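Student: Following this message is one structure expressed as C-alpha cells.
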Amino acid sequence: MIDNHLARTVAAAIALTVPSAALAQGTVDDYRRADALRERYERLAVNVPSPATWVEGAPRFTYRRSVADGQEFIVFDAATLEKRPAFDHARLAEAMSKVAGEEFAAHELPFSAFTFADEETAIEMRVGAFSWRCTLADYACRREEAAGPGAARRRDARPRPSPDGKWEAFIDNFNVAIRPAGGGEVTRLGMDGSEGDAYDLASIAWSPDSTKIAAFRVKRGYQREVHYVESLPEDQLQPKHSSRVYAKPGDVLDVEQPALFDIVAKTGVAIDRALFPNAYAMTDPVWWKDGRGFTFEYNQRGHQVYRIIEVDGATGKARAVVSEEPQTFFNYRTANGRQSDSGKKFRHDVADGREIVWMSERDGWNHLYLYDGVTGQVKNQITKGEWVVRGAVKVDEEARQIWFSAGGMTPGEDPYFAHYFRIGFDGSGLTPLTPAEANHEAAFSGDMQYFVDTWSRVDLAPVSELRRASDGSLVTEVERGDIGALVAEEWRPPEVFVAKGRDGAADIWGVIFRPTTFDPSRKYPVIENIYAGPQGSFVPKSFSAYTGMRSLAELGFIVVQVDGMGTSNRSKAFHDVAWRNLGDAGFPDRMLWHRAVAAKYAYYDISRVGIYGTSAGGQSSLGGLLFHPGFYKVAVSASGCHDNRMDKIWWNEQWMGWPLGPHYAASSNVENADRLEGDLLLIVGEMDTNVDPASTLQVVNQLIEHGKDFDLLFMPGAGHTSGGDYGEHKRRDFFVQHLLGVTPPAWSVLAEKASDKE
C-alpha cells in the first residue's frame, strides 16, 4: 500500500482553507492571479516523471521529468540501474537555436518526446511542422519540413511482387493483372473491373506459395465535399476557396468486394458475399501463413455486426470465424493496453489462426475470450467479472499467457484507475502487477522482462518504478515526484466526489476545483467542463499540477468535471445510454451529481450553473441550455458538432447508428434551437476541418429565426478550436458577467497590469 500521509495532509489543508484575498470576485486581481497559476504551479512540482519509452532493442528507457526551471530528459538502464541525462541539454538547446533562429533554454526545449537513432548516436523529434535530427557526438542539427498527414495515407503505386520473386501483380485497365518479374507478357486475371468499380492495388495480397492472389474490387460511393473560404490566406490578399472530401452520416459509401484469383489456372474464384452484405468498412485481406485461406474483418454499416471472415484459398467459400452482434454498438476502435485507450477491439491469432484471442462485451463487461479458429466456437472466457479490460498488451503464445490492463477489479477503488495484470489462456493464474491504489500507465520492454510503472492520482504526484513483467515484483524506484513546495503555496488537489446516477445504483465520478481564495462561508456559482463523447471517459485520474479549470475557478467559481452514463470504461449498460441518444450526454446523472454536492456543501450554488465544452463538448454544452434550461443557465460552446447528421460519418454513425432516423433530429441542437433559454456564447473557427463549421452556423440561423439573444465569436483562419487565448478570455468574461453578475475588467486595464508587472 502507498503512504497516504501527503494525501491526508492535503485533505486537512482543504478543510482549513481561509480566504486570502478580498471578497470581490471577477476582479483585475483575480484575473492576474488566474493568469499566473500555470507558471507558478508547474515550477513548484519537481521530479515529476512522464510515462517511459523503451529504447528499441536495448534494456534502456527514456522519460521526461520536471525540474525547477522546466523539463529534462533521462535515460535509465534496467540492467545496471544507472540513470543519466539523455543528452547535453545546454548544447542541444544552443544547436537547435542556431538552426531555428530563436532562443531555446536548456530545460525548455521545444519538444516533449524524442527517439534515439543510429544506435543511440543521434536523436529525432518533431517540432511543429518540422522533423529534426541531431547527432550527439557534435550536436549538429538539421531540420526539414515534415510530411503532412495526407502523405502517410498515399497509396504505394508500385507492383506487388510475389513471395517467390517470380511474378508481380498490378492493376491494368481497372483489373488485377500479373507479369513475370522484371517485365514480360501481361495476363489479366479477370475482366469485371471498370472505372468507378475497380480493383484496389493496395489490397492485393499474395498467398505464401505465390499461387493465388486476394484483392478487393471497390465501387466508389458518394464523394461529399465540405467547402471553405479562407479569409486570411498566408500567400495572397484575396480570400481563397478550398474543399476536402468529408463523408457524413447516411452518405453512400464505397462497396468492397473480395476476389480470389488462381495464378496457375489464371482464373477468378467466386466468393459469396452473404456474410458481408453491407460494409461500413473491411480490412485488407491477410493470408494464413500455411496458405489455406485469407481473412479480412467486416464492420457492418451501423456497427452492430463485426466479423472476422475467412475465405478458403481453394474453394473461395467464406465463413465467419468470429461474429460479434451486439444489440447496440460494437466499439471497433483498437485497444492496445495503455491507460488512455478507449477502444474495445482486440484480436490476436494464435498458431496461425488455430486459436484466436478476442475482446468482447457480450456478457455486459469488456473481457477477453479464447476462440477455436477452426470451428469458430468459444473455447473459454479468459477474463470474467464485473470489471473492464481496458486493453491487451502482450500475448505470449508459447507460455499461453496474456498481459492486459483493466479497471474496476478492486472493490471500493475508483473503477477508472487502470491496473495491469497477467493471466493464462484458460483464465487461471491471474496475477496483479501494479499494486498501488492509483491510476497506472505501464511501458513494457521489448523482451517482456521488465516494465516501467508510472502511477499517480489527482492528489498524489507520479511515482515511476521498474518492475519485473513476470510477477510485478519491484526492481527499483526510478523517480518520485515532489509537490511539497506546491502544497505550501496554496495548491490543493481537486476533490474527488462520487454520487449515484439515474438508476440509483451506478456510481458517477467527478472532481471539484475551488479557487485559492476559497471561503466556505460564501456562495459560489458552479461551472461544468463537459465532454461526453462515448469513445472514452474524461475526468482526470492522474496528477497534474495545473489545468485550465484552476484558472477559471480562480475568478470566483467552483469548476467541476463529471463522467455521466453514456461514456466508456464502465459496464456495457452504462455505455449503451449513448446509443442513438447523444443528446442525452449523461445530463440526468450530472444533475444528480451536482445536487448531491450541493446537499453536502452549502457554498455550492446550483441556482447559478454554467457549462462549457468543445467539439462534442460544444454540442453538449449548448444542449444543456436547450434540454435542461431549468438547471444550466449559461453556456460557452466551441466548435460544436451541433447536428450529428452534419458531422463526420465515422464518429456519429458509431454511436447514433444507421440508417438515419428521427433520433438524429431529437439530439440536434439545430432542430431544438428554438428552446434556448439562458445566456449563450458560440465559438467557431472558419477553417475547422474536424467539424463542419456550417454545423454552428446552422444553429446561428435558427437562433436568429426564433429571435433568440446570443453571442457569436467567429474566428477567421482558425481550425477546430476553443478560441485559443482570445477565446479563453472571452469565456472567462462571459461567465463573470452572467454568473457572477459583475462587469469583467477592461482588457486594456489587464494589459496595463501585465505591462507594469513586466
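Ligands are numbered from 1 in the order shown, residues from 1 within each chain, and chains are lettered A, B, ... in the order they appear in the C-alpha cells.
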If you take only C-alpha atoms and a cut-off of 12 Å, which residues of stretch 461-576 of chain A touch stretch 739-750 of chain A, and what are their nearest atom pairs and distances in Å to one decimal, in chain and number order, as CSV?
Tutor:
residue,atom,partner,partner_atom,distance
A:Lys523,CA,A:Leu740,CA,10.4
A:Tyr524,CA,A:Leu740,CA,8.6
A:Pro525,CA,A:Leu739,CA,6.4
A:Val526,CA,A:Leu739,CA,8.4
A:Ile527,CA,A:Leu739,CA,9.0
A:Ala553,CA,A:Leu740,CA,11.9
A:Leu555,CA,A:Leu740,CA,9.3
A:Gly556,CA,A:Leu740,CA,7.8
A:Phe557,CA,A:Leu740,CA,8.4
A:Ile558,CA,A:Leu739,CA,11.3
Student: Could you save the residues just selected, with C-alpha atoms, as a JSON list (two decimals), in the first residue's frame?
Tutor:
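Written output follows (out-v1.json):
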[["chain", "number", "residue", "atom", "x", "y", "z"],
["A", 523, "LYS", "CA", -21.84, 31.06, -2.14],
["A", 524, "TYR", "CA", -20.09, 30.12, -5.38],
["A", 525, "PRO", "CA", -21.58, 29.70, -8.83],
["A", 526, "VAL", "CA", -20.68, 26.40, -10.47],
["A", 527, "ILE", "CA", -19.19, 25.81, -13.93],
["A", 553, "ALA", "CA", -12.10, 28.73, -10.74],
["A", 555, "LEU", "CA", -12.13, 34.12, -10.84],
["A", 556, "GLY", "CA", -14.64, 33.17, -8.15],
["A", 557, "PHE", "CA", -16.19, 29.90, -9.31],
["A", 558, "ILE", "CA", -16.25, 26.24, -8.45]]
Student: Near A:Val378, within 12 Å and counting only C-alpha atoms, which residues show up once chain neighbours fewer than 4 positions away are dropped, as an NGL selection string?
Tutor: :A and (321-324 or 355-360 or 362 or 368-374 or 382 or 426)
Student: Compare A:Lys317, A:Arg60, A:His628, A:Lys240 by their minimum atom-to-atom distance to A:Gly446, counting only C-alpha atoms, and give me the closest one.
Tutor: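 Counting only C-alpha atoms, the residue closest to A:Gly446 is A:Arg60.
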Student: Tell me, which residues of stretch 131-310 of chain A carry DSSP strand (DSSP E or B), written as a VMD selection string?
Tutor: chain A and resid 131 to 135 141 to 145 160 to 161 167 to 172 175 to 180 187 to 188 194 197 to 199 205 to 206 212 to 219 225 to 230 240 to 245 255 to 262 267 to 269 279 to 282 286 to 287 293 to 300 306 to 310
Student: Quick one: of A:Val67, A:Leu676, A:Ala181, A:Val670, who's nearest to A:Ser695, counting only C-alpha atoms?
Tutor: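 Between A:Val67, A:Leu676, A:Ala181, A:Val670, the residue approaching A:Ser695 most closely is A:Val670.
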Student: Find, counting only C-alpha atoms, the residue in A:Ala616, A:Ile271, A:Val634, A:Val229 that gets nearest to A:Val691.
Tutor: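 Closest candidate: A:Ala616.
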Student: Per DSSP on the backbone, what are the helix (DSSP H, G or I) residues of stretch 519-661 of chain A, as a PDB file with C-alpha atoms, in the first residue's frame?
Tutor:
ATOM      1  CA  GLY A 548      -7.192  25.356 -17.158  1.00  0.00           C
ATOM      2  CA  MET A 549     -10.071  24.563 -14.803  1.00  0.00           C
ATOM      3  CA  ARG A 550      -7.955  26.001 -11.967  1.00  0.00           C
ATOM      4  CA  SER A 551      -7.581  29.377 -13.676  1.00  0.00           C
ATOM      5  CA  LEU A 552     -11.306  29.573 -14.361  1.00  0.00           C
ATOM      6  CA  ALA A 553     -12.099  28.730 -10.740  1.00  0.00           C
ATOM      7  CA  LYS A 572     -21.877  -2.163 -21.376  1.00  0.00           C
ATOM      8  CA  ALA A 573     -25.210  -0.996 -19.925  1.00  0.00           C
ATOM      9  CA  PHE A 574     -23.557   2.178 -18.612  1.00  0.00           C
ATOM     10  CA  HIS A 575     -22.094   2.839 -22.066  1.00  0.00           C
ATOM     11  CA  ASP A 576     -25.225   1.972 -24.050  1.00  0.00           C
ATOM     12  CA  PHE A 587     -27.259  15.015 -18.104  1.00  0.00           C
ATOM     13  CA  PRO A 588     -29.636  13.135 -15.756  1.00  0.00           C
ATOM     14  CA  ASP A 589     -26.576  11.750 -13.937  1.00  0.00           C
ATOM     15  CA  ARG A 590     -24.703  15.043 -13.991  1.00  0.00           C
ATOM     16  CA  MET A 591     -27.579  16.976 -12.440  1.00  0.00           C
ATOM     17  CA  LEU A 592     -27.997  14.360  -9.704  1.00  0.00           C
ATOM     18  CA  TRP A 593     -24.271  14.621  -9.036  1.00  0.00           C
ATOM     19  CA  HIS A 594     -24.462  18.416  -8.750  1.00  0.00           C
ATOM     20  CA  ARG A 595     -27.410  18.154  -6.368  1.00  0.00           C
ATOM     21  CA  ALA A 596     -25.528  15.672  -4.213  1.00  0.00           C
ATOM     22  CA  VAL A 597     -22.576  18.078  -3.968  1.00  0.00           C
ATOM     23  CA  ALA A 598     -24.948  20.949  -3.097  1.00  0.00           C
ATOM     24  CA  ALA A 599     -26.565  18.826  -0.382  1.00  0.00           C
ATOM     25  CA  LYS A 600     -23.153  18.363   1.226  1.00  0.00           C
ATOM     26  CA  ALA A 616     -18.677  17.007 -28.823  1.00  0.00           C
ATOM     27  CA  GLY A 617     -18.440  19.100 -25.664  1.00  0.00           C
ATOM     28  CA  GLY A 618     -19.625  22.041 -27.727  1.00  0.00           C
ATOM     29  CA  GLN A 619     -22.703  20.056 -28.707  1.00  0.00           C
ATOM     30  CA  SER A 620     -23.336  19.055 -25.096  1.00  0.00           C
ATOM     31  CA  SER A 621     -22.744  22.481 -23.563  1.00  0.00           C
ATOM     32  CA  LEU A 622     -25.363  24.068 -25.817  1.00  0.00           C
ATOM     33  CA  GLY A 623     -27.535  21.012 -25.209  1.00  0.00           C
ATOM     34  CA  GLY A 624     -27.508  21.852 -21.508  1.00  0.00           C
ATOM     35  CA  LEU A 625     -29.342  25.125 -22.216  1.00  0.00           C
ATOM     36  CA  LEU A 626     -31.688  23.604 -24.782  1.00  0.00           C
ATOM     37  CA  PHE A 627     -32.736  20.437 -22.975  1.00  0.00           C
ATOM     38  CA  ILE A 649     -19.527   9.772 -40.529  1.00  0.00           C
ATOM     39  CA  TRP A 650     -17.163   7.538 -38.576  1.00  0.00           C
ATOM     40  CA  TRP A 651     -17.783   9.156 -35.196  1.00  0.00           C
ATOM     41  CA  ASN A 652     -21.505   9.768 -35.494  1.00  0.00           C
ATOM     42  CA  GLU A 653     -22.707   6.540 -37.100  1.00  0.00           C
ATOM     43  CA  GLN A 654     -20.647   4.665 -34.490  1.00  0.00           C
ATOM     44  CA  TRP A 655     -22.907   5.951 -31.714  1.00  0.00           C
ATOM     45  CA  MET A 656     -26.069   7.154 -33.486  1.00  0.00           C
TER      46      MET A 656
END
Student: Excluding A:Glu465 and any residue of its chain fewer than 6 positions from it, enumerate the residues within 8 Å of it, using only C-alpha atoms, and give them as a PDB file with N, CA and C atoms, in the first residue's frame.
Tutor:
ATOM      1  N   VAL A 452       8.011  -0.431 -16.840  1.00  0.00           N
ATOM      2  CA  VAL A 452       8.072   0.774 -16.023  1.00  0.00           C
ATOM      3  C   VAL A 452       6.647   1.162 -15.682  1.00  0.00           C
ATOM      4  N   ASP A 453       6.356   1.206 -14.415  1.00  0.00           N
ATOM      5  CA  ASP A 453       5.020   1.538 -13.924  1.00  0.00           C
ATOM      6  C   ASP A 453       5.030   2.975 -13.428  1.00  0.00           C
ATOM      7  N   THR A 454       4.327   3.848 -14.112  1.00  0.00           N
ATOM      8  CA  THR A 454       4.201   5.246 -13.697  1.00  0.00           C
ATOM      9  C   THR A 454       2.788   5.455 -13.196  1.00  0.00           C
ATOM     10  N   LEU A 474       9.057  -5.536  -7.492  1.00  0.00           N
ATOM     11  CA  LEU A 474       9.764  -4.269  -7.638  1.00  0.00           C
ATOM     12  C   LEU A 474      11.262  -4.499  -7.816  1.00  0.00           C
ATOM     13  N   VAL A 475      11.824  -3.874  -8.844  1.00  0.00           N
ATOM     14  CA  VAL A 475      13.276  -3.876  -9.024  1.00  0.00           C
ATOM     15  C   VAL A 475      13.869  -2.654  -8.337  1.00  0.00           C
ATOM     16  N   THR A 476      13.349  -1.480  -8.674  1.00  0.00           N
ATOM     17  CA  THR A 476      13.807  -0.257  -8.029  1.00  0.00           C
ATOM     18  C   THR A 476      12.847   0.879  -8.328  1.00  0.00           C
ATOM     19  N   GLU A 477      12.845   1.859  -7.460  1.00  0.00           N
ATOM     20  CA  GLU A 477      12.104   3.078  -7.742  1.00  0.00           C
ATOM     21  C   GLU A 477      12.936   3.942  -8.681  1.00  0.00           C
ATOM     22  N   VAL A 478      12.327   4.423  -9.733  1.00  0.00           N
ATOM     23  CA  VAL A 478      13.022   5.235 -10.729  1.00  0.00           C
ATOM     24  C   VAL A 478      12.925   6.717 -10.397  1.00  0.00           C
ATOM     25  N   GLU A 479      11.737   7.169 -10.050  1.00  0.00           N
ATOM     26  CA  GLU A 479      11.506   8.589  -9.796  1.00  0.00           C
ATOM     27  C   GLU A 479      10.296   8.752  -8.893  1.00  0.00           C
TER      28      GLU A 479
END
Student: Find the residues around A:Asn331 up to 9 Å (only C-alpha atoms counted), leave out those fewer than 5 positions away in its own chain, and share them as a PyMOL selection string.
Tutor: chain A and resi 303+342-345+535+654-655
Student: Let's have the selection written as a PDB file, in the first residue's frame, with C-alpha atoms.
Tutor:
ATOM      1  CA  HIS A 303     -21.704  -1.056 -36.250  1.00  0.00           C
ATOM      2  CA  SER A 342     -10.814   3.571 -25.015  1.00  0.00           C
ATOM      3  CA  GLY A 343     -11.244   1.219 -27.968  1.00  0.00           C
ATOM      4  CA  LYS A 344     -12.730  -2.231 -27.454  1.00  0.00           C
ATOM      5  CA  LYS A 345     -11.450  -4.360 -30.302  1.00  0.00           C
ATOM      6  CA  GLN A 535     -15.374   6.992 -27.095  1.00  0.00           C
ATOM      7  CA  GLN A 654     -20.647   4.665 -34.490  1.00  0.00           C
ATOM      8  CA  TRP A 655     -22.907   5.951 -31.714  1.00  0.00           C
TER       9      TRP A 655
END
Student: What is the atom CA of A:Pro494 to atom CA of A:Ile512 distance in Å?
Tutor: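 Atom CA of A:Ile512 lies at a distance of 5.1 Å from atom CA of A:Pro494.
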Student: Stretch 174-179 of chain A: which residues within 7 Å, counting only C-alpha atoms, same-chain residues fewer than 4 positions away excluded, as a list in words?
Tutor: Trp167, Glu168, Ala169, Phe170, Gly183, Gly184, Glu185, Val186, Thr187, Arg188, Leu189, Gly190, Met191, Gly193, Ser194, Glu195, Ala198 and Tyr199 of chain A
Student: At a cut-off of 9 Å, using only C-alpha atoms, what residues contact A:Asn278? Leave out same-chain residues fewer than 6 positions from it and give the result as a JSON list (two decimals) with C-alpha atoms, in the first residue's frame.
Tutor:
[["chain", "number", "residue", "atom", "x", "y", "z"],
["A", 255, "VAL", "CA", -18.72, -1.07, -51.77],
["A", 299, "ASN", "CA", -17.60, -3.90, -40.00],
["A", 300, "GLN", "CA", -21.27, -3.71, -40.99],
["A", 301, "ARG", "CA", -22.96, -0.38, -41.57]]
